[in-house]
Amino acid sequence: MASSKRTKEMIEVRLIEPGSKSKSNSKGAALASSYDAQIRPLLDAVDRLRNLKVMQEGIQLPTIVVVGDQSSGKSSVLESLAGISLPRGQGICTRVPLIMRLKRDKSAVNPEMHLEYQDRIIQTTESGITAAISKATDEIAGSGKAISNTPLTLVVKKTDVPDLTMVDLPGITRVPVQGQPENIYEQISGIIKEYISPKESIILNVLSAAADFSICESIQMSRQVDRNGERTLAVVTKVDMAPVGLHEKVMADDVKIGLGYVCVRNRVGDETYDEARVEEANLFKNHSLLSKIDKSIVGVPVLAQRLMQIQAASISKCLPDIVKKINDKLSFNVHELDHMPSNLSNVADAMRAFMKVLSSMKETLKKILIQREYDEYPDDFNMHGVARIVEMLTKYSQELPVNQVMITEGEFLMEEIKILEEAKAIGLPNFLPESAFKILLKRKIDGISHLPIEFVKKVWNYIEEVVIRVLVRHSDNYPQLQSSMTRAAQNLIERMSKQSCQVVQGMIDMERVGAYTSNPDYMMTWCSLMEKQDHFMDLLHDHSKPSDLDLGKFGKVKVDHLRQQQKEMAEKAFDLRMRMIAYWRSVILRLVDGPALHILYNIQKLVETEMDSEIVDEIAGHSGTGLEKMLEESPTVARKRDRLRKSIELLKESKQVVARIMDRIALLDD
């Protein structure tokens, strides 16, 4: 906290009184000498981080981003701040992000400037800067009118410029001109949003005085990422062309510009920059309308100082967070590099690495599919294996028809009567033919025989998905083995799935063959239901009674359609149905419990023994060529290793840059 406070103290600056004269006679001296001598190292540090491309590591730097509608006067504002000429012309002048780094150098005899792009540094001069920028832009974005998101950096060192780093972006246009793509608006808005979205970015919104601020495209875009305008500063240009109502517009602030407004008059025609500043001061002093605007928000010198203040405050605010992000990213990348596989020099090393992969994979599968431990995938609920399989089992058991379905399907007892009619035989009249029960049972089994098979296939498909995800994750460092390991796992699971389907099909076939259960619930249920038989027969013979038969927990049925049936046939049909209802519960329990236990057993078998054996045979069996593949580091792993090493080198250098600044602050604290 102390260093952060000291950083803020270091960058306190004094406002220059508008119109005050500098002791120096050099051009635009009011633009310089705004910072204390301690501030330059802070700006240099941020520029150094920018040169190191630390932003490619996801670490945002304090940046002033210049945006505006096409022809809003953006380039003119930047020219006034830098004292140089920028490319002009019809349509979009700025076709690539132009990073302008202005550095005040009191010792510079002559201005120094150069361009940086595509890993090159191109020296240039004040007179040649426009041509140099145009040439570099053509090399980056092409010689037409297309745009590019590849930045171009312009470094300007002069005695009379403010210490600022700004990014000038293409002006916003909705209508493409000849040579521009139809989606030019989308391309430009995409680039702008990329630069203004980070909370570290300060938005310098350039507005024409003649425009309705509330409908300016640049205002609409900035409000999308900075709704309350807390990091937006507005520059109003062309004030001499539309002075009427300007004072009221900037005072009303209908578009919520949190950092305020600065009104400027840019250079006109062949004016020198010194002459332009004199004309600007006279305009705001003598114009009948513009002179009403507070002097603290008018003029390019005020704009320069406001930008330096805002930039300094932003650096002060962001520096501690930048230090933390650099350290965090560095630690993460070092950890990633340390946990990458070491280069394997022989087959023995490859075997040890391979067995380590198998062991870790087996442990994860055991947690997910057996032990119900999901710490490796806490938020990925699809990888919570046991829980998902239980859900499938519950849904499957609910799909199987139990008591209510056995009562309500079709007209009550008519199916049984038809079966009994065809099962007649010469014999005693009060015997229930066993063949009738078997026929009825087989029909019921055939109606649900597809459900157990579908359940088993669904479970194994899910298990395959889980296994492959775990396998790919644990073998990520050895992509040259992934295809072989995946193939082995898929082949194994396919075989086990087929075996499970065969076993469950056998369970279904056994239910078709005959009826048997030792479950006492069968006799209890049948006896309970048969107690309703006398009442059932009464309803058939006494037409004055209601036609509804209440079978208790099994529901109610209509019996009026049975009153024309023979008494003996109706009694047998009733008995047959009650036996089927009582027995069906045992069938359903077996068709749920059997496949469930079989799946449970085979999952454990898969994880504990089969998977290891199958993958080892695929990789290390036969000629053992699979292990030899591990000795050749894959291009993917090699690229990742190289990327991490370069990133670590960059972050270490960045860490040194910020460490020197923090040390400087600490010394000042002392």
# chains A, B, ... in the order shown; residues from 1 in each chain; ligands from 1
$ select_by_dssp --residues "stretch 193-320 of chain A" --states "strand (DSSP E)" --output "ChimeraX atom specification"
/A:201-208,232-237,261-263
$ closest_atom_pairs --of "stretch 292-406 of chain A" --to "stretch 644-662 of chain A" --cutoff "10 Å" --atoms "only C-alpha atoms" --output "JSON lines"
{"residue": "A:Leu319", "atom": "CA", "partner": "A:Val658", "partner_atom": "CA", "distance": 8.1}
{"residue": "A:Pro320", "atom": "CA", "partner": "A:Met662", "partner_atom": "CA", "distance": 8.9}
{"residue": "A:Ile322", "atom": "CA", "partner": "A:Val658", "partner_atom": "CA", "distance": 8.4}
{"residue": "A:Val323", "atom": "CA", "partner": "A:Val658", "partner_atom": "CA", "distance": 6.6}
{"residue": "A:Lys324", "atom": "CA", "partner": "A:Lys655", "partner_atom": "CA", "distance": 9.7}
{"residue": "A:Lys325", "atom": "CA", "partner": "A:Lys655", "partner_atom": "CA", "distance": 9.9}
{"residue": "A:Ile326", "atom": "CA", "partner": "A:Leu651", "partner_atom": "CA", "distance": 6.3}
{"residue": "A:Asn327", "atom": "CA", "partner": "A:Lys655", "partner_atom": "CA", "distance": 7.2}
{"residue": "A:Asp328", "atom": "CA", "partner": "A:Leu651", "partner_atom": "CA", "distance": 10.0}
{"residue": "A:Lys329", "atom": "CA", "partner": "A:Leu651", "partner_atom": "CA", "distance": 7.8}
{"residue": "A:Leu330", "atom": "CA", "partner": "A:Leu651", "partner_atom": "CA", "distance": 6.0}
{"residue": "A:Ser331", "atom": "CA", "partner": "A:Ile648", "partner_atom": "CA", "distance": 8.8}
{"residue": "A:Phe332", "atom": "CA", "partner": "A:Ile648", "partner_atom": "CA", "distance": 9.5}
{"residue": "A:Asn333", "atom": "CA", "partner": "A:Leu644", "partner_atom": "CA", "distance": 6.1}
{"residue": "A:Val334", "atom": "CA", "partner": "A:Ile648", "partner_atom": "CA", "distance": 6.9}
{"residue": "A:His335", "atom": "CA", "partner": "A:Leu644", "partner_atom": "CA", "distance": 10.0}
{"residue": "A:Glu336", "atom": "CA", "partner": "A:Leu644", "partner_atom": "CA", "distance": 7.8}
{"residue": "A:Leu337", "atom": "CA", "partner": "A:Leu644", "partner_atom": "CA", "distance": 6.4}
$ residues_around --residues "A:Glu275" --least-positions-apart "6" --cutoff "12 Å" --atoms "only C-alpha atoms" --output "ChimeraX atom specification"
/A:27-28,80,83,265-269,281-282
$ residues_around --residues "A:Glu511" --least-positions-apart "3" --cutoff "8 Å" --atoms "only C-alpha atoms" --output "list in words"
Lys442, Ile445, Met507, Ile508, Gly514, Ala515 and Val587 of chain A
$ select_by_dssp --residues "stretch 228-304 of chain A" --states "alpha helix (DSSP H)" --output "list in words"
Leu246, His247, Glu248, Lys249, Val250, Met251, Ala252, Tyr273, Asp274, Glu275, Ala276, Arg277, Val278, Glu279, Glu280, Ala281, Asn282, Leu283, Phe284, Lys285, Asn286, Val300, Pro301, Val302, Leu303 and Ala304 of chain A
$ write_last_selection --atoms "C-alpha atoms" --output "compact mmCIF listing (two decimals), in the first residue's frame"
# COMPACT_ATOMS: atom_id res chain seq x y z
CA LEU A 246 -21.14 24.30 -27.84
CA HIS A 247 -20.81 25.76 -24.36
CA GLU A 248 -24.22 24.32 -23.43
CA LYS A 249 -23.37 20.92 -24.96
CA VAL A 250 -20.19 20.38 -22.98
CA MET A 251 -21.73 21.69 -19.76
CA ALA A 252 -24.86 19.51 -20.07
CA TYR A 273 2.02 24.66 -34.97
CA ASP A 274 3.16 27.76 -33.02
CA GLU A 275 0.84 29.93 -35.10
CA ALA A 276 -2.02 27.46 -34.58
CA ARG A 277 -1.61 27.69 -30.80
CA VAL A 278 -1.67 31.49 -30.93
CA GLU A 279 -4.80 31.45 -33.08
CA GLU A 280 -6.40 28.94 -30.71
CA ALA A 281 -5.69 31.09 -27.65
CA ASN A 282 -7.12 34.19 -29.40
CA LEU A 283 -10.22 32.28 -30.48
CA PHE A 284 -11.16 31.10 -26.98
CA LYS A 285 -10.30 34.52 -25.55
CA ASN A 286 -12.11 36.78 -28.00
CA VAL A 300 -4.26 21.77 -27.02
CA PRO A 301 -1.84 22.58 -24.13
CA VAL A 302 -4.62 21.80 -21.64
CA LEU A 303 -5.42 18.60 -23.55
CA ALA A 304 -1.77 17.53 -23.43
$ closest_atom_pairs --of "stretch 124-227 of chain A" --to "stretch 100-120 of chain A" --cutoff "9 Å" --atoms "only C-alpha atoms" --output "JSON lines"
{"residue": "A:Thr124", "atom": "CA", "partner": "A:His114", "partner_atom": "CA", "distance": 5.3}
{"residue": "A:Thr125", "atom": "CA", "partner": "A:Met113", "partner_atom": "CA", "distance": 6.3}
{"residue": "A:Glu126", "atom": "CA", "partner": "A:Pro111", "partner_atom": "CA", "distance": 7.6}
{"residue": "A:Ile129", "atom": "CA", "partner": "A:Met113", "partner_atom": "CA", "distance": 8.2}
{"residue": "A:Ala132", "atom": "CA", "partner": "A:Leu115", "partner_atom": "CA", "distance": 7.9}
{"residue": "A:Ile133", "atom": "CA", "partner": "A:Leu115", "partner_atom": "CA", "distance": 7.7}
{"residue": "A:Ala136", "atom": "CA", "partner": "A:Tyr117", "partner_atom": "CA", "distance": 7.7}
{"residue": "A:Ile140", "atom": "CA", "partner": "A:Gln118", "partner_atom": "CA", "distance": 8.3}
{"residue": "A:Thr150", "atom": "CA", "partner": "A:Tyr117", "partner_atom": "CA", "distance": 8.6}
{"residue": "A:Pro151", "atom": "CA", "partner": "A:Tyr117", "partner_atom": "CA", "distance": 7.2}
{"residue": "A:Leu152", "atom": "CA", "partner": "A:Tyr117", "partner_atom": "CA", "distance": 5.3}
{"residue": "A:Thr153", "atom": "CA", "partner": "A:Glu116", "partner_atom": "CA", "distance": 5.0}
{"residue": "A:Leu154", "atom": "CA", "partner": "A:Leu115", "partner_atom": "CA", "distance": 4.7}
{"residue": "A:Val155", "atom": "CA", "partner": "A:Arg101", "partner_atom": "CA", "distance": 4.8}
{"residue": "A:Val156", "atom": "CA", "partner": "A:Met113", "partner_atom": "CA", "distance": 4.5}
{"residue": "A:Lys157", "atom": "CA", "partner": "A:Lys103", "partner_atom": "CA", "distance": 4.8}
{"residue": "A:Lys158", "atom": "CA", "partner": "A:Pro111", "partner_atom": "CA", "distance": 4.8}
{"residue": "A:Thr159", "atom": "CA", "partner": "A:Lys106", "partner_atom": "CA", "distance": 4.8}
{"residue": "A:Asp160", "atom": "CA", "partner": "A:Arg104", "partner_atom": "CA", "distance": 6.2}
{"residue": "A:Val161", "atom": "CA", "partner": "A:Arg104", "partner_atom": "CA", "distance": 5.3}
{"residue": "A:Pro162", "atom": "CA", "partner": "A:Arg104", "partner_atom": "CA", "distance": 5.9}
{"residue": "A:Asp163", "atom": "CA", "partner": "A:Lys103", "partner_atom": "CA", "distance": 4.9}
{"residue": "A:Leu164", "atom": "CA", "partner": "A:Leu102", "partner_atom": "CA", "distance": 5.1}
{"residue": "A:Thr165", "atom": "CA", "partner": "A:Arg101", "partner_atom": "CA", "distance": 4.4}
{"residue": "A:Met166", "atom": "CA", "partner": "A:Met100", "partner_atom": "CA", "distance": 5.2}
{"residue": "A:Val167", "atom": "CA", "partner": "A:Met100", "partner_atom": "CA", "distance": 6.1}
{"residue": "A:Asp168", "atom": "CA", "partner": "A:Met100", "partner_atom": "CA", "distance": 7.4}
$ closest_residue --among "A:Met355, A:Ile310, A:Leu393, A:Met383" --to "A:Glu465" --atoms "only C-alpha atoms"
A:Met383
$ residues_around --residues "stretch 593-605 of chain A" --least-positions-apart "3" --cutoff "8 Å" --atoms "only C-alpha atoms" --output "count of residues only"
14
$ residues_around --residues "A:Val607" --least-positions-apart "5" --cutoff "7 Å" --atoms "only C-alpha atoms" --output "list in words"
Lys362, Leu365 and Lys366 of chain A
$ atom_distance --atom1 "atom CA of A:Arg579" --atom2 "atom CA of A:Leu551"
13.5 Å
$ atom_distance --atom1 "atom CA of A:Val67" --atom2 "atom CA of A:Val298"
19.4 Å
$ closest_atom_pairs --of "stretch 115-221 of chain A" --to "stretch 253-260 of chain A" --cutoff "8 Å" --atoms "only C-alpha atoms" --output "Markdown table"
| residue | atom | partner | partner_atom | distance |
| --- | --- | --- | --- | --- |
| A:Phe213 | CA | A:Val255 | CA | 7.0 |
| A:Ser214 | CA | A:Val255 | CA | 5.9 |
| A:Ile219 | CA | A:Val255 | CA | 7.6 |
$ write_last_selection --atoms "N, CA, C and O atoms" --output "CSV table (one decimal), in the first residue's frame"
chain,number,residue,atom,x,y,z
A,213,PHE,N,-23.6,14.7,-30.2
A,213,PHE,CA,-22.8,13.7,-29.5
A,213,PHE,C,-23.5,12.4,-29.2
A,213,PHE,O,-22.9,11.4,-29.2
A,214,SER,N,-24.8,12.5,-28.9
A,214,SER,CA,-25.5,11.3,-28.5
A,214,SER,C,-25.7,10.3,-29.6
A,214,SER,O,-25.9,9.1,-29.2
A,219,ILE,N,-19.1,7.4,-29.6
A,219,ILE,CA,-19.8,7.4,-28.2
A,219,ILE,C,-20.5,6.2,-27.9
A,219,ILE,O,-20.5,5.6,-26.8
$ residues_around --residues "stretch 524-534 of chain A" --least-positions-apart "5" --cutoff "12 Å" --atoms "only C-alpha atoms" --output "ChimeraX atom specification"
/A:403,407,518-519,539-541,549-556,567,570-586
$ write_last_selection --atoms "C-alpha atoms" --output "PDB file, in the first residue's frame"
ATOM      1  CA  ASN A 403     -48.730 -52.617 -11.905  1.00  0.00           C
ATOM      2  CA  ILE A 407     -54.355 -53.278 -15.232  1.00  0.00           C
ATOM      3  CA  SER A 518     -39.094 -67.779  -4.770  1.00  0.00           C
ATOM      4  CA  ASN A 519     -40.175 -64.306  -3.818  1.00  0.00           C
ATOM      5  CA  LEU A 539     -70.632 -57.625 -10.705  1.00  0.00           C
ATOM      6  CA  LEU A 540     -70.853 -59.800 -13.807  1.00  0.00           C
ATOM      7  CA  HIS A 541     -74.149 -61.452 -12.795  1.00  0.00           C
ATOM      8  CA  LEU A 549     -64.046 -53.246  -9.926  1.00  0.00           C
ATOM      9  CA  ASP A 550     -61.662 -51.827  -7.302  1.00  0.00           C
ATOM     10  CA  LEU A 551     -58.403 -53.794  -7.116  1.00  0.00           C
ATOM     11  CA  GLY A 552     -56.931 -51.655  -4.343  1.00  0.00           C
ATOM     12  CA  LYS A 553     -53.434 -50.319  -5.020  1.00  0.00           C
ATOM     13  CA  PHE A 554     -53.601 -51.735  -8.544  1.00  0.00           C
ATOM     14  CA  GLY A 555     -56.438 -49.426  -9.575  1.00  0.00           C
ATOM     15  CA  LYS A 556     -59.987 -49.742 -10.914  1.00  0.00           C
ATOM     16  CA  LYS A 567     -68.776 -67.734 -15.961  1.00  0.00           C
ATOM     17  CA  ALA A 570     -64.304 -65.209 -16.841  1.00  0.00           C
ATOM     18  CA  GLU A 571     -63.121 -66.859 -13.606  1.00  0.00           C
ATOM     19  CA  LYS A 572     -60.112 -68.423 -15.352  1.00  0.00           C
ATOM     20  CA  ALA A 573     -59.277 -65.154 -17.104  1.00  0.00           C
ATOM     21  CA  PHE A 574     -59.452 -63.284 -13.799  1.00  0.00           C
ATOM     22  CA  ASP A 575     -57.161 -65.834 -12.147  1.00  0.00           C
ATOM     23  CA  LEU A 576     -54.709 -65.680 -15.063  1.00  0.00           C
ATOM     24  CA  ARG A 577     -54.511 -61.894 -14.954  1.00  0.00           C
ATOM     25  CA  MET A 578     -54.047 -61.793 -11.161  1.00  0.00           C
ATOM     26  CA  ARG A 579     -51.235 -64.342 -11.413  1.00  0.00           C
ATOM     27  CA  MET A 580     -49.592 -62.244 -14.127  1.00  0.00           C
ATOM     28  CA  ILE A 581     -49.895 -59.061 -12.047  1.00  0.00           C
ATOM     29  CA  ALA A 582     -48.402 -60.781  -9.014  1.00  0.00           C
ATOM     30  CA  TYR A 583     -45.606 -62.398 -11.021  1.00  0.00           C
ATOM     31  CA  TRP A 584     -44.786 -59.383 -13.193  1.00  0.00           C
ATOM     32  CA  ARG A 585     -43.246 -57.529 -10.286  1.00  0.00           C
ATOM     33  CA  SER A 586     -40.646 -60.279  -9.908  1.00  0.00           C
TER      34      SER A 586
END
$ atom_distance --atom1 "atom CA of A:Val177" --atom2 "atom CA of A:Glu139"
20.6 Å
$ closest_residue --among "A:His339, A:Lys395, A:Arg469, A:Arg443" --to "A:Tyr377" --atoms "only C-alpha atoms"
A:Arg469
$ closest_residue --among "A:Met308, A:Ala348, A:Leu290, A:Val470" --to "A:Glu376" --atoms "only C-alpha atoms"
A:Val470
